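Novice: My structure is in work-v9.txt, and what it holds is compact mmCIF, C-alpha atoms:
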# COMPACT_ATOMS: atom_id res chain seq x y z
CA MET A 32 92.47 79.82 123.68
CA ALA A 33 90.17 77.10 122.44
CA ILE A 34 89.69 75.15 119.25
CA ILE A 35 86.32 74.85 117.59
CA VAL A 36 86.21 71.84 115.29
CA VAL A 37 83.95 71.60 112.27
CA ASP A 38 83.63 68.18 110.67
CA VAL A 39 82.19 68.14 107.15
CA MET A 40 81.03 64.88 105.55
CA LEU A 41 79.39 64.05 102.25
CA LYS A 42 75.76 63.08 102.73
CA PRO A 43 75.32 59.29 102.75
CA GLU A 44 73.49 59.29 99.42
CA ILE A 45 76.29 61.21 97.64
CA LEU A 46 78.85 59.02 95.88
CA ASP A 47 82.29 59.33 97.53
CA PRO A 48 84.86 58.14 94.97
CA GLN A 49 87.77 59.12 97.24
CA GLY A 50 86.39 57.07 100.13
CA ASN A 51 85.82 54.16 97.76
CA ALA A 52 89.41 54.39 96.51
CA VAL A 53 90.68 54.28 100.10
CA ALA A 54 88.39 51.33 100.85
CA SER A 55 89.80 49.39 97.93
CA ALA A 56 93.43 50.30 98.78
CA LEU A 57 93.17 49.02 102.36
CA PRO A 58 92.85 45.30 101.58
CA ARG A 59 95.73 45.56 99.11
CA LEU A 60 97.88 46.47 102.14
CA GLY A 61 96.51 43.61 104.22
CA PHE A 62 93.99 45.71 106.19
CA THR A 63 90.81 43.71 105.94
CA PHE A 64 88.69 45.42 108.59
CA ALA A 65 86.86 47.99 106.43
CA ARG A 66 83.39 47.35 105.07
CA SER A 67 83.34 50.86 103.61
CA VAL A 68 85.13 54.19 103.98
CA ARG A 69 83.76 57.74 103.75
CA GLN A 70 86.21 60.62 103.51
CA GLY A 71 85.47 64.08 104.91
CA LYS A 72 87.05 67.37 105.95
CA ARG A 73 87.98 68.68 109.39
CA PHE A 74 88.43 72.40 110.18
CA GLU A 75 90.20 73.46 113.38
CA ILE A 76 89.33 77.05 114.23
CA GLU A 77 91.33 78.76 116.95
CA VAL A 78 89.47 81.37 119.03
CA GLU A 79 90.53 83.65 121.90
CA GLY A 80 89.44 82.41 125.35
CA GLU A 81 86.57 80.05 125.96
CA PRO A 82 84.05 80.09 123.09
CA THR A 83 80.82 81.90 123.93
CA PRO A 84 77.43 80.63 122.75
CA ASP A 85 77.32 83.55 120.30
CA GLN A 86 80.70 82.61 118.88
CA PHE A 87 79.62 78.99 118.58
CA ALA A 88 76.48 80.08 116.75
CA GLU A 89 78.59 82.20 114.38
CA VAL A 90 80.81 79.23 113.57
CA GLU A 91 77.70 77.15 112.89
CA LYS A 92 76.53 79.85 110.49
CA ALA A 93 79.94 79.85 108.76
CA ALA A 94 79.78 76.06 108.53
CA GLU A 95 76.41 76.34 106.80
CA VAL A 96 77.38 79.17 104.43
CA LEU A 97 81.02 78.51 103.57
CA LEU A 98 82.65 75.47 105.15
CA SER A 99 80.07 73.02 103.85
CA ASN A 100 77.79 72.85 100.83
CA PRO A 101 74.41 71.80 102.27
CA VAL A 102 73.40 70.37 98.89
CA ILE A 103 75.89 67.53 99.22
CA GLU A 104 77.39 67.76 102.72
CA THR A 105 76.51 67.75 106.41
CA TYR A 106 78.50 69.41 109.17
CA ALA A 107 79.00 69.02 112.92
CA VAL A 108 80.47 71.73 115.17
CA ARG A 109 82.06 71.04 118.56
CA VAL A 110 84.56 72.56 120.97
CA GLU A 111 87.79 70.61 121.33
CA LYS A 112 88.66 70.21 125.00
CA MET B 231 76.23 93.75 72.45
CA ARG B 232 78.68 93.49 75.37
CA ILE B 233 79.37 90.17 77.08
CA GLY B 234 81.48 90.20 80.24
CA VAL B 235 84.01 87.42 80.79
CA VAL B 236 85.04 87.15 84.43
CA THR B 237 88.61 86.35 85.41
CA PHE B 238 89.17 84.99 88.92
CA PRO B 239 92.64 84.18 90.22
CA GLY B 240 93.19 80.72 88.73
CA THR B 241 90.79 81.08 85.79
CA LEU B 242 92.18 79.40 82.65
CA ASP B 243 89.70 79.74 79.84
CA ASP B 244 88.88 83.45 79.91
CA ARG B 245 90.87 84.17 76.75
CA ASP B 246 89.22 81.40 74.77
CA ALA B 247 85.81 82.50 76.09
CA ALA B 248 86.51 86.10 75.01
CA ARG B 249 87.67 84.87 71.60
CA ALA B 250 84.50 82.80 71.23
CA VAL B 251 82.34 85.79 72.19
CA ASN B 252 84.02 87.96 69.57
CA ARG B 253 83.79 85.20 66.97
CA GLY B 254 80.08 84.88 67.75
CA GLY B 255 79.59 88.54 66.90
CA ALA B 256 79.44 90.24 70.29
CA GLU B 257 82.06 92.31 72.09
CA ALA B 258 83.91 90.58 74.96
CA ILE B 259 84.46 92.77 78.02
CA ALA B 260 87.03 91.64 80.58
CA LEU B 261 85.70 91.64 84.15
CA TRP B 262 87.95 91.13 87.16
CA HIS B 263 86.81 89.17 90.23
CA ALA B 264 87.46 92.16 92.49
CA ASP B 265 85.46 94.57 90.31
CA ALA B 266 82.42 96.14 91.89
CA ASP B 267 81.18 97.13 88.44
CA LEU B 268 79.72 95.07 85.59
CA LYS B 269 80.75 97.72 83.01
CA ASN B 270 77.27 97.83 81.44
CA VAL B 271 77.50 94.32 80.01
CA ASP B 272 74.38 92.63 78.65
CA ALA B 273 75.42 89.11 79.66
CA VAL B 274 78.18 87.41 81.62
CA ILE B 275 80.28 84.29 81.10
CA LEU B 276 82.02 82.57 84.01
CA PRO B 277 84.79 80.63 82.28
CA GLY B 278 86.59 77.44 83.19
CA GLY B 279 89.69 76.96 85.28
CA PHE B 280 90.59 76.57 88.92
CA SER B 281 89.38 79.78 90.53
CA TYR B 282 91.00 80.36 93.92
CA GLY B 283 92.86 77.10 93.38
CA ASP B 284 89.62 75.12 93.88
CA TYR B 285 90.35 75.54 97.59
CA LEU B 286 87.65 74.30 100.00
CA ARG B 287 85.34 73.21 97.14
CA CYS B 288 85.35 74.17 93.47
CA GLY B 289 83.68 77.57 93.20
CA ALA B 290 83.09 77.93 96.95
CA ILE B 291 85.37 80.94 97.41
CA SER B 292 84.62 82.52 94.02
CA ARG B 293 80.98 82.74 94.96
CA PHE B 294 81.86 85.49 97.44
CA ALA B 295 84.01 87.56 95.04
CA PRO B 296 82.80 91.19 94.74
CA VAL B 297 81.89 90.79 91.07
CA MET B 298 79.72 87.75 91.88
CA LYS B 299 77.44 89.80 94.12
CA LEU B 300 76.57 91.89 91.05
CA VAL B 301 76.34 88.86 88.75
CA ILE B 302 73.94 87.11 91.15
CA GLU B 303 71.74 90.22 91.46
CA ALA B 304 71.68 90.72 87.68
CA ALA B 305 70.96 87.03 87.03
CA HIS B 306 67.94 87.21 89.35
CA LYS B 307 66.70 90.13 87.23
CA GLY B 308 67.05 88.06 84.04
CA MET B 309 70.54 88.86 82.71
CA PRO B 310 71.89 85.88 80.76
CA VAL B 311 74.76 84.09 82.54
CA LEU B 312 76.71 81.12 81.17
CA GLY B 313 78.98 79.17 83.51
CA ILE B 314 81.36 76.75 81.81
CA CYS B 315 83.07 74.00 83.84
CA ASN B 316 84.45 75.89 86.86
CA GLY B 317 81.86 78.56 86.03
CA PHE B 318 79.12 75.90 86.35
CA GLN B 319 80.56 75.01 89.76
CA VAL B 320 80.46 78.69 90.76
CA LEU B 321 76.80 78.94 89.66
CA CYS B 322 75.87 75.92 91.79
CA GLU B 323 77.77 77.24 94.80
CA SER B 324 76.00 80.59 94.27
CA HIS B 325 72.62 78.77 94.31
CA LEU B 326 71.77 80.23 90.91
CA LEU B 327 71.54 76.61 89.79
CA PRO B 328 70.58 73.58 91.89
CA GLY B 329 72.80 70.62 92.68
CA ALA B 330 76.57 70.36 92.94
CA LEU B 331 79.53 69.14 90.91
CA THR B 332 81.56 66.46 92.66
CA ARG B 333 84.66 64.38 91.97
CA ASN B 334 84.52 62.31 88.77
CA SER B 335 83.32 58.82 89.66
CA ASP B 336 86.58 57.21 88.52
CA LEU B 337 88.74 59.91 90.21
CA HIS B 338 90.64 60.67 86.99
CA PHE B 339 90.90 64.11 85.46
CA LEU B 340 89.14 63.90 82.11
CA CYS B 341 90.33 65.52 78.92
CA CYS B 342 88.60 64.34 75.75
CA ASP B 343 86.36 65.34 72.88
CA GLN B 344 82.84 64.56 74.04
CA GLN B 345 79.62 64.23 72.14
CA ILE B 346 76.67 65.89 73.84
CA GLU B 347 73.03 66.25 72.93
CA ILE B 348 71.37 69.67 73.18
CA VAL B 349 68.18 68.72 75.01
CA ASN B 350 66.76 72.20 75.60
CA ASN B 351 67.21 74.76 72.83
CA THR B 352 64.99 77.42 74.40
CA THR B 353 67.53 78.96 76.78
CA SER B 354 69.38 82.23 76.19
CA TRP B 355 72.50 80.23 75.31
CA THR B 356 71.18 77.34 73.17
CA SER B 357 68.64 78.78 70.69
CA SER B 358 71.04 78.40 67.73
CA PHE B 359 70.84 74.61 68.07
CA ALA B 360 68.10 72.25 66.98
CA ALA B 361 66.48 70.30 69.82
CA GLY B 362 68.19 66.93 69.95
CA GLU B 363 71.19 68.18 67.95
CA LYS B 364 74.39 66.29 68.77
CA ILE B 365 77.65 68.23 68.89
CA THR B 366 81.22 67.34 69.85
CA ILE B 367 83.18 69.71 72.10
CA PRO B 368 86.01 69.23 74.62
CA LEU B 369 85.32 67.95 78.12
CA LYS B 370 88.05 68.50 80.72
CA ASN B 371 87.34 68.33 84.42
CA GLY B 372 88.25 66.68 87.68
CA GLU B 373 85.00 67.46 89.48
CA GLY B 374 82.31 67.27 86.85
CA SER B 375 79.93 64.72 88.30
CA PHE B 376 76.55 66.44 88.60
CA GLN B 377 74.76 65.40 91.80
CA CYS B 378 71.48 66.46 93.37
CA ASP B 379 68.72 64.88 95.44
CA ASP B 380 66.00 62.80 93.78
CA GLN B 381 63.37 65.51 94.12
CA THR B 382 65.58 68.09 92.37
CA LEU B 383 66.39 65.61 89.61
CA ILE B 384 62.71 64.92 88.98
CA GLN B 385 62.02 68.66 88.96
CA LEU B 386 64.84 69.33 86.47
CA GLU B 387 63.55 66.57 84.18
CA ASP B 388 59.87 67.54 84.46
CA GLU B 389 60.53 71.22 83.84
CA GLY B 390 62.79 70.55 80.85
CA ARG B 391 65.74 72.17 82.57
CA ILE B 392 68.34 69.66 81.39
CA VAL B 393 70.16 71.68 78.72
CA ALA B 394 72.60 69.03 77.51
CA ARG B 395 73.32 65.36 78.13
CA TYR B 396 76.42 63.26 77.47
CA VAL B 397 76.02 60.82 74.60
CA GLY B 398 77.39 57.29 75.07
CA ASP B 399 79.12 56.15 78.25
CA ASN B 400 78.78 58.36 81.31
CA PRO B 401 82.17 60.14 81.43
CA ASN B 402 82.10 61.33 85.05
CA GLY B 403 79.20 59.77 86.92
CA SER B 404 76.77 62.67 86.47
CA ARG B 405 73.17 61.79 87.34
CA ASN B 406 71.01 61.17 84.25
CA LEU B 407 74.05 61.93 82.02
CA ILE B 408 73.61 65.64 82.78
CA ALA B 409 76.17 67.87 81.04
CA GLY B 410 74.31 71.13 81.56
CA ILE B 411 71.24 72.59 83.25
CA THR B 412 69.36 75.88 83.37
CA ASN B 413 67.28 77.83 85.89
CA SER B 414 63.51 78.04 85.54
CA ARG B 415 63.75 81.32 83.63
CA GLY B 416 66.28 79.93 81.12
CA ASN B 417 68.71 82.85 81.44
CA VAL B 418 71.29 81.05 83.61
CA VAL B 419 72.99 78.01 82.08
CA GLY B 420 75.73 75.84 83.56
CA LEU B 421 77.67 73.55 81.25
CA MET B 422 80.48 71.15 82.13
CA PRO B 423 82.00 70.70 78.64
CA HIS B 424 83.73 73.57 76.86
CA PRO B 425 82.08 75.16 73.80
CA GLU B 426 84.62 78.01 73.81
CA HIS B 427 87.35 75.51 72.81
CA ALA B 428 85.35 74.37 69.78
CA ILE B 429 84.71 77.46 67.68
CA ASP B 430 87.30 76.88 64.98
CA PRO B 431 88.46 73.54 63.48
CA LEU B 432 92.02 74.86 63.53
CA THR B 433 92.14 74.94 67.33
CA GLY B 434 89.33 72.60 68.38
CA PRO B 435 87.71 69.31 67.39
CA THR B 436 84.83 71.14 65.65
CA SER B 437 83.30 74.60 65.45
CA GLN B 438 80.05 73.32 66.93
CA GLY B 439 80.57 75.17 70.23
CA LEU B 440 80.04 78.48 68.48
CA GLY B 441 76.27 78.03 68.71
CA PHE B 442 76.33 79.00 72.41
CA PHE B 443 77.89 82.34 71.51
CA THR B 444 75.54 83.09 68.61
CA SER B 445 72.46 82.03 70.62
CA ILE B 446 73.02 84.85 73.06
CA LEU B 447 72.78 87.38 70.24
CA ASN B 448 69.37 85.95 69.28
CA ALA B 449 68.32 86.16 72.92
CA MET B 450 69.22 89.85 73.02
CA VAL B 451 67.54 90.72 69.72
CA ARG B 452 64.31 89.08 70.86
Show this structure as structure tokens.

Specialist:
Amino acid sequence: MAIIVVDVMLKPEILDPQGNAVASALPRLGFTFARSVRQGKRFEIEVEGEPTPDQFAEVEKAAEVLLSNPVIETYAVRVEK
Amino acid sequence: MRIGVVTFPGTLDDRDAARAVNRGGAEAIALWHADADLKNVDAVILPGGFSYGDYLRCGAISRFAPVMKLVIEAAHKGMPVLGICNGFQVLCESHLLPGALTRNSDLHFLCCDQQIEIVNNTTSWTSSFAAGEKITIPLKNGEGSFQCDDQTLIQLEDEGRIVARYVGDNPNGSRNLIAGITNSRGNVVGLMPHPEHAIDPLTGPTSQGLGFFTSILNAMVR
């Protein structure tokens, strides 16, 4: 069994009000390290056995078609070791 | 004339949309998301709500509903389609309209009476209005901020595809105050505010939303 991880993030030019809200909440709690925060989504997809290149390609396709909206988001697919 | 009103699991405004269709003078036909049949309708409305719980992204799952396959095919052939609020989100996710609707810039769910200006009165859904006419209808959304890249925005502006703009302060952070857009053919319109809630002063702020539902009759007669 392996886990294929898909990270989806808003494109840099798209306003991220949730990330901004987190960024402004941090200093209120005394955390002063953040210049900015962007919030995204992470999908963990369990597959049988070691993922094959075909399977990986299928997940990439799914990331493009369903898991992300390419108009506003980017995605990155990787296998979790 | 038969206008289909699609109900997805989580749709809220299908009844008001059907009522508005009937009030406008057409016959509302209920369509179910799992239908593989458009029941010979002449136009389709995708109403507001939270289809599929807004899971993943608003409209992202609805786009793949069986009825949407038919709606998308018919829209490409010129059938008029109006997406209101969640329906607008579904149209963007379906790539029938460009851009995307994202979280309101101030993160709050909005619910107010909003003045909008009808910028383009040549679409299937806006011909009853005068160009530049200002109307007040309800606006209620959590993810109503219209976003697209600069090139798309310029294209929408240059081709006159902005259907309606918010008047006054920007309520949700939409680029260029966009409240609604259309495709190049003018048969597909997405609108964030809710004309179907403003067809009767007894139940809405005005009856100025009715124009969307009478426009479609003109479009069919032509």

Novice: Hey, list the chain B side of the contact with chain A: 12 Å cut-off, all atoms listed in the file, answer as a VMD selection string.

Specialist: chain B and resid 285 to 294 319 to 320 322 to 325 327 to 338 372 to 373 375 to 380 382 402 to 405

Novice: Now that the selection is made, can you save its residues with C-alpha atoms as a PDB file, in the frame of the given file?

Specialist:
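Full text of selection_26.pdb as output:
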ATOM      1  CA  TYR B 285      90.350  75.540  97.590  1.00  0.00           C
ATOM      2  CA  LEU B 286      87.650  74.300 100.000  1.00  0.00           C
ATOM      3  CA  ARG B 287      85.340  73.210  97.140  1.00  0.00           C
ATOM      4  CA  CYS B 288      85.350  74.170  93.470  1.00  0.00           C
ATOM      5  CA  GLY B 289      83.680  77.570  93.200  1.00  0.00           C
ATOM      6  CA  ALA B 290      83.090  77.930  96.950  1.00  0.00           C
ATOM      7  CA  ILE B 291      85.370  80.940  97.410  1.00  0.00           C
ATOM      8  CA  SER B 292      84.620  82.520  94.020  1.00  0.00           C
ATOM      9  CA  ARG B 293      80.980  82.740  94.960  1.00  0.00           C
ATOM     10  CA  PHE B 294      81.860  85.490  97.440  1.00  0.00           C
ATOM     11  CA  GLN B 319      80.560  75.010  89.760  1.00  0.00           C
ATOM     12  CA  VAL B 320      80.460  78.690  90.760  1.00  0.00           C
ATOM     13  CA  CYS B 322      75.870  75.920  91.790  1.00  0.00           C
ATOM     14  CA  GLU B 323      77.770  77.240  94.800  1.00  0.00           C
ATOM     15  CA  SER B 324      76.000  80.590  94.270  1.00  0.00           C
ATOM     16  CA  HIS B 325      72.620  78.770  94.310  1.00  0.00           C
ATOM     17  CA  LEU B 327      71.540  76.610  89.790  1.00  0.00           C
ATOM     18  CA  PRO B 328      70.580  73.580  91.890  1.00  0.00           C
ATOM     19  CA  GLY B 329      72.800  70.620  92.680  1.00  0.00           C
ATOM     20  CA  ALA B 330      76.570  70.360  92.940  1.00  0.00           C
ATOM     21  CA  LEU B 331      79.530  69.140  90.910  1.00  0.00           C
ATOM     22  CA  THR B 332      81.560  66.460  92.660  1.00  0.00           C
ATOM     23  CA  ARG B 333      84.660  64.380  91.970  1.00  0.00           C
ATOM     24  CA  ASN B 334      84.520  62.310  88.770  1.00  0.00           C
ATOM     25  CA  SER B 335      83.320  58.820  89.660  1.00  0.00           C
ATOM     26  CA  ASP B 336      86.580  57.210  88.520  1.00  0.00           C
ATOM     27  CA  LEU B 337      88.740  59.910  90.210  1.00  0.00           C
ATOM     28  CA  HIS B 338      90.640  60.670  86.990  1.00  0.00           C
ATOM     29  CA  GLY B 372      88.250  66.680  87.680  1.00  0.00           C
ATOM     30  CA  GLU B 373      85.000  67.460  89.480  1.00  0.00           C
ATOM     31  CA  SER B 375      79.930  64.720  88.300  1.00  0.00           C
ATOM     32  CA  PHE B 376      76.550  66.440  88.600  1.00  0.00           C
ATOM     33  CA  GLN B 377      74.760  65.400  91.800  1.00  0.00           C
ATOM     34  CA  CYS B 378      71.480  66.460  93.370  1.00  0.00           C
ATOM     35  CA  ASP B 379      68.720  64.880  95.440  1.00  0.00           C
ATOM     36  CA  ASP B 380      66.000  62.800  93.780  1.00  0.00           C
ATOM     37  CA  THR B 382      65.580  68.090  92.370  1.00  0.00           C
ATOM     38  CA  ASN B 402      82.100  61.330  85.050  1.00  0.00           C
ATOM     39  CA  GLY B 403      79.200  59.770  86.920  1.00  0.00           C
ATOM     40  CA  SER B 404      76.770  62.670  86.470  1.00  0.00           C
ATOM     41  CA  ARG B 405      73.170  61.790  87.340  1.00  0.00           C
TER      42      ARG B 405
END

Novice: Between A:Asp85, A:Glu104, A:Glu75, A:Glu95, which one has atoms that come closest to Ile35 (chain A), using only C-alpha atoms?

Specialist: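 Going through A:Asp85, A:Glu104, A:Glu75, A:Glu95 one by one, the smallest distance to Ile35 (chain A) is for A:Glu75.
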
Novice: Can you tell me how far CA of Asp265 (chain B) sits from CA of Ser414 (chain B), in Å to one decimal?

Specialist: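 Interatomic distance here is 27.9 Å.
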
Novice: Find the residue from A:Val110, A:Val36, A:Leu57, A:Ala65 that sits nearest to Thr83 (chain A); use all atoms listed in the file when measuring.

Specialist: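 Checking each of A:Val110, A:Val36, A:Leu57, A:Ala65 against Thr83 (chain A), counting all atoms listed in the file, the winner is A:Val110.
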
Novice: Could you check how far CA of Cys315 (chain B) sits from CA of Leu276 (chain B), in Å to one decimal?

Specialist: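 Between these atoms lies a distance of 8.6 Å.
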
Novice: Write out as a ChimeraX atom specification each polymer residue whose atoms come within 9 Å of region 396-401 of chain B, counting only C-alpha atoms; drop sequence neighbours fewer than 5 positions from it.

Specialist: /B:334-336,340,344-347,364,374-375,406-409

Novice: Write out as a PDB file with C-alpha atoms, keeping the file's coordinate frame the residues lying within 6 Å of Ile367 (chain B), counting all atoms listed in the file and excluding same-chain residues fewer than 3 positions away.

Specialist:
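Result file result23.pdb:
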ATOM      1  CA  ASP B 343      86.360  65.340  72.880  1.00  0.00           C
ATOM      2  CA  GLN B 344      82.840  64.560  74.040  1.00  0.00           C
ATOM      3  CA  PRO B 425      82.080  75.160  73.800  1.00  0.00           C
ATOM      4  CA  ALA B 428      85.350  74.370  69.780  1.00  0.00           C
TER       5      ALA B 428
END

Novice: From the list B:Asn270, B:Gly234, B:Lys299, B:Glu389, which residue is nearest Val251 (chain B) when using all atoms listed in the file?

Specialist: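 Closest to Val251 (chain B) of all the choices is B:Gly234.
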
Novice: How big is the axis-aligned box around all listed atoms of region 261-276 of chain B once 4 Å goes on each side, and where's its centre, in Å to one decimal, as AutoDock Vina command-line options?

Specialist:
--center_x 81.2 --center_y 90.2 --center_z 85.6 --size_x 21.6 --size_y 23.3 --size_z 21.8

Novice: Compile the contact shell of Phe74 (chain A) as a count of residues only: residues with an atom at most 10 Å away, counting all atoms listed in the file, same-chain residues fewer than 3 positions apart removed.

Specialist: 10

Novice: Kindly indicate which residue among A:Arg109, A:Lys42, A:Arg59, A:Lys92 lies nearest to Arg73 (chain A), using only C-alpha atoms for the distances.

Specialist: A:Arg109

Novice: If you measure from CA of Ala247 (chain B) to CA of Leu261 (chain B), what distance in Å do you get, rounded to one decimal?

Specialist: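 Straight-line distance from CA of Ala247 (chain B) to CA of Leu261 (chain B) works out to 12.2 Å.
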
Novice: Give me, as a list in words, all polymer residues having an atom no more than 12 Å from Gly390 (chain B), counting all atoms listed in the file and skipping those fewer than 2 positions away in the same chain.

Specialist: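 With the cut-off at 12 Å, the set is Ile348, Val349, Asn350, Asn351, Thr352, Thr353, Ala361, Leu383, Ile384, Gln385, Leu386, Glu387, Asp388, Ile392, Val393, Ala394, Gly410, Ile411, Thr412, Asn413, Ser414, Arg415 and Gly416 of chain B.
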
Novice: Counting all atoms listed in the file, what are the residues of region 271-348 of chain B within 7 Å of region 235-246 of chain B, and for each of them which pair of atoms is the nearest and at what distance in Å, to one decimal? Sort the table by chain and rising number, as a Markdown table.

Specialist:
| residue | atom | partner | partner_atom | distance |
| --- | --- | --- | --- | --- |
| B:Val274 | CA | B:Val235 | CA | 5.9 |
| B:Ile275 | CA | B:Val235 | CA | 4.9 |
| B:Leu276 | CA | B:Val236 | CA | 5.5 |
| B:Pro277 | CA | B:Asp244 | CA | 5.5 |
| B:Gly278 | CA | B:Asp243 | CA | 5.1 |
| B:Gly279 | CA | B:Thr241 | CA | 4.3 |
| B:Phe280 | CA | B:Gly240 | CA | 4.9 |
| B:Ser281 | CA | B:Gly240 | CA | 4.3 |
| B:Tyr282 | CA | B:Pro239 | CA | 5.6 |
| B:Gly283 | CA | B:Gly240 | CA | 5.9 |

Novice: Select, from B:Val419, B:Ala248, B:Ala256, B:Ile233, the residue with the minimum atom-to-atom distance to Thr444 (chain B), counting all atoms listed in the file.

Specialist: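 Once distances to Thr444 (chain B) are computed over all atoms listed in the file, the minimum belongs to B:Ala256.
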
Novice: With all atoms listed in the file as the basis for distance, which of A:Lys112, A:Tyr106, A:Pro84, A:Glu91 is at the shortest distance from Gly71 (chain A)?

Specialist: A:Tyr106

Novice: How about completing region 366-382 of chain B with N, CA, C and O atoms and giving it to me as a PDB file, in the coordinates of the input?

Specialist:
ATOM      1  N   THR B 366      80.024  67.850  69.168  1.00  0.00           N
ATOM      2  CA  THR B 366      81.220  67.340  69.850  1.00  0.00           C
ATOM      3  C   THR B 366      82.099  68.511  70.252  1.00  0.00           C
ATOM      4  O   THR B 366      82.528  69.310  69.404  1.00  0.00           O
ATOM      5  N   ILE B 367      82.338  68.630  71.551  1.00  0.00           N
ATOM      6  CA  ILE B 367      83.180  69.710  72.100  1.00  0.00           C
ATOM      7  C   ILE B 367      84.058  69.114  73.204  1.00  0.00           C
ATOM      8  O   ILE B 367      83.770  68.025  73.698  1.00  0.00           O
ATOM      9  N   PRO B 368      85.139  69.807  73.594  1.00  0.00           N
ATOM     10  CA  PRO B 368      86.010  69.230  74.620  1.00  0.00           C
ATOM     11  C   PRO B 368      85.353  69.150  76.001  1.00  0.00           C
ATOM     12  O   PRO B 368      84.539  69.990  76.361  1.00  0.00           O
ATOM     13  N   LEU B 369      85.732  68.119  76.723  1.00  0.00           N
ATOM     14  CA  LEU B 369      85.320  67.950  78.120  1.00  0.00           C
ATOM     15  C   LEU B 369      86.593  67.778  78.923  1.00  0.00           C
ATOM     16  O   LEU B 369      87.413  66.918  78.610  1.00  0.00           O
ATOM     17  N   LYS B 370      86.810  68.625  79.928  1.00  0.00           N
ATOM     18  CA  LYS B 370      88.050  68.500  80.720  1.00  0.00           C
ATOM     19  C   LYS B 370      87.735  68.950  82.135  1.00  0.00           C
ATOM     20  O   LYS B 370      87.470  70.110  82.397  1.00  0.00           O
ATOM     21  N   ASN B 371      87.667  67.998  83.032  1.00  0.00           N
ATOM     22  CA  ASN B 371      87.340  68.330  84.420  1.00  0.00           C
ATOM     23  C   ASN B 371      87.778  67.240  85.374  1.00  0.00           C
ATOM     24  O   ASN B 371      87.929  66.086  84.993  1.00  0.00           O
ATOM     25  N   GLY B 372      87.977  67.630  86.613  1.00  0.00           N
ATOM     26  CA  GLY B 372      88.250  66.680  87.680  1.00  0.00           C
ATOM     27  C   GLY B 372      87.015  66.471  88.547  1.00  0.00           C
ATOM     28  O   GLY B 372      86.802  65.407  89.111  1.00  0.00           O
ATOM     29  N   GLU B 373      86.202  67.528  88.649  1.00  0.00           N
ATOM     30  CA  GLU B 373      85.000  67.460  89.480  1.00  0.00           C
ATOM     31  C   GLU B 373      83.802  67.880  88.636  1.00  0.00           C
ATOM     32  O   GLU B 373      83.331  68.999  88.726  1.00  0.00           O
ATOM     33  N   GLY B 374      83.370  66.953  87.797  1.00  0.00           N
ATOM     34  CA  GLY B 374      82.310  67.270  86.850  1.00  0.00           C
ATOM     35  C   GLY B 374      81.080  66.402  87.003  1.00  0.00           C
ATOM     36  O   GLY B 374      80.195  66.413  86.153  1.00  0.00           O
ATOM     37  N   SER B 375      81.040  65.647  88.097  1.00  0.00           N
ATOM     38  CA  SER B 375      79.930  64.720  88.300  1.00  0.00           C
ATOM     39  C   SER B 375      78.747  65.469  88.911  1.00  0.00           C
ATOM     40  O   SER B 375      78.800  65.855  90.079  1.00  0.00           O
ATOM     41  N   PHE B 376      77.695  65.669  88.115  1.00  0.00           N
ATOM     42  CA  PHE B 376      76.550  66.440  88.600  1.00  0.00           C
ATOM     43  C   PHE B 376      75.726  65.586  89.567  1.00  0.00           C
ATOM     44  O   PHE B 376      75.276  64.496  89.217  1.00  0.00           O
ATOM     45  N   GLN B 377      75.535  66.112  90.779  1.00  0.00           N
ATOM     46  CA  GLN B 377      74.760  65.400  91.800  1.00  0.00           C
ATOM     47  C   GLN B 377      73.687  66.314  92.373  1.00  0.00           C
ATOM     48  O   GLN B 377      73.906  67.523  92.518  1.00  0.00           O
ATOM     49  N   CYS B 378      72.539  65.729  92.679  1.00  0.00           N
ATOM     50  CA  CYS B 378      71.480  66.460  93.370  1.00  0.00           C
ATOM     51  C   CYS B 378      70.565  65.418  93.986  1.00  0.00           C
ATOM     52  O   CYS B 378      70.692  64.227  93.699  1.00  0.00           O
ATOM     53  N   ASP B 379      69.631  65.878  94.856  1.00  0.00           N
ATOM     54  CA  ASP B 379      68.720  64.880  95.440  1.00  0.00           C
ATOM     55  C   ASP B 379      67.666  64.471  94.417  1.00  0.00           C
ATOM     56  O   ASP B 379      67.502  65.107  93.374  1.00  0.00           O
ATOM     57  N   ASP B 380      66.954  63.374  94.734  1.00  0.00           N
ATOM     58  CA  ASP B 380      66.000  62.800  93.780  1.00  0.00           C
ATOM     59  C   ASP B 380      64.930  63.801  93.380  1.00  0.00           C
ATOM     60  O   ASP B 380      64.546  63.884  92.213  1.00  0.00           O
ATOM     61  N   GLN B 381      64.462  64.554  94.367  1.00  0.00           N
ATOM     62  CA  GLN B 381      63.370  65.510  94.120  1.00  0.00           C
ATOM     63  C   GLN B 381      63.819  66.578  93.109  1.00  0.00           C
ATOM     64  O   GLN B 381      63.082  66.923  92.183  1.00  0.00           O
ATOM     65  N   THR B 382      65.049  67.082  93.284  1.00  0.00           N
ATOM     66  CA  THR B 382      65.580  68.090  92.370  1.00  0.00           C
ATOM     67  C   THR B 382      65.733  67.511  90.973  1.00  0.00           C
ATOM     68  O   THR B 382      65.420  68.167  89.972  1.00  0.00           O
TER      69      THR B 382
END
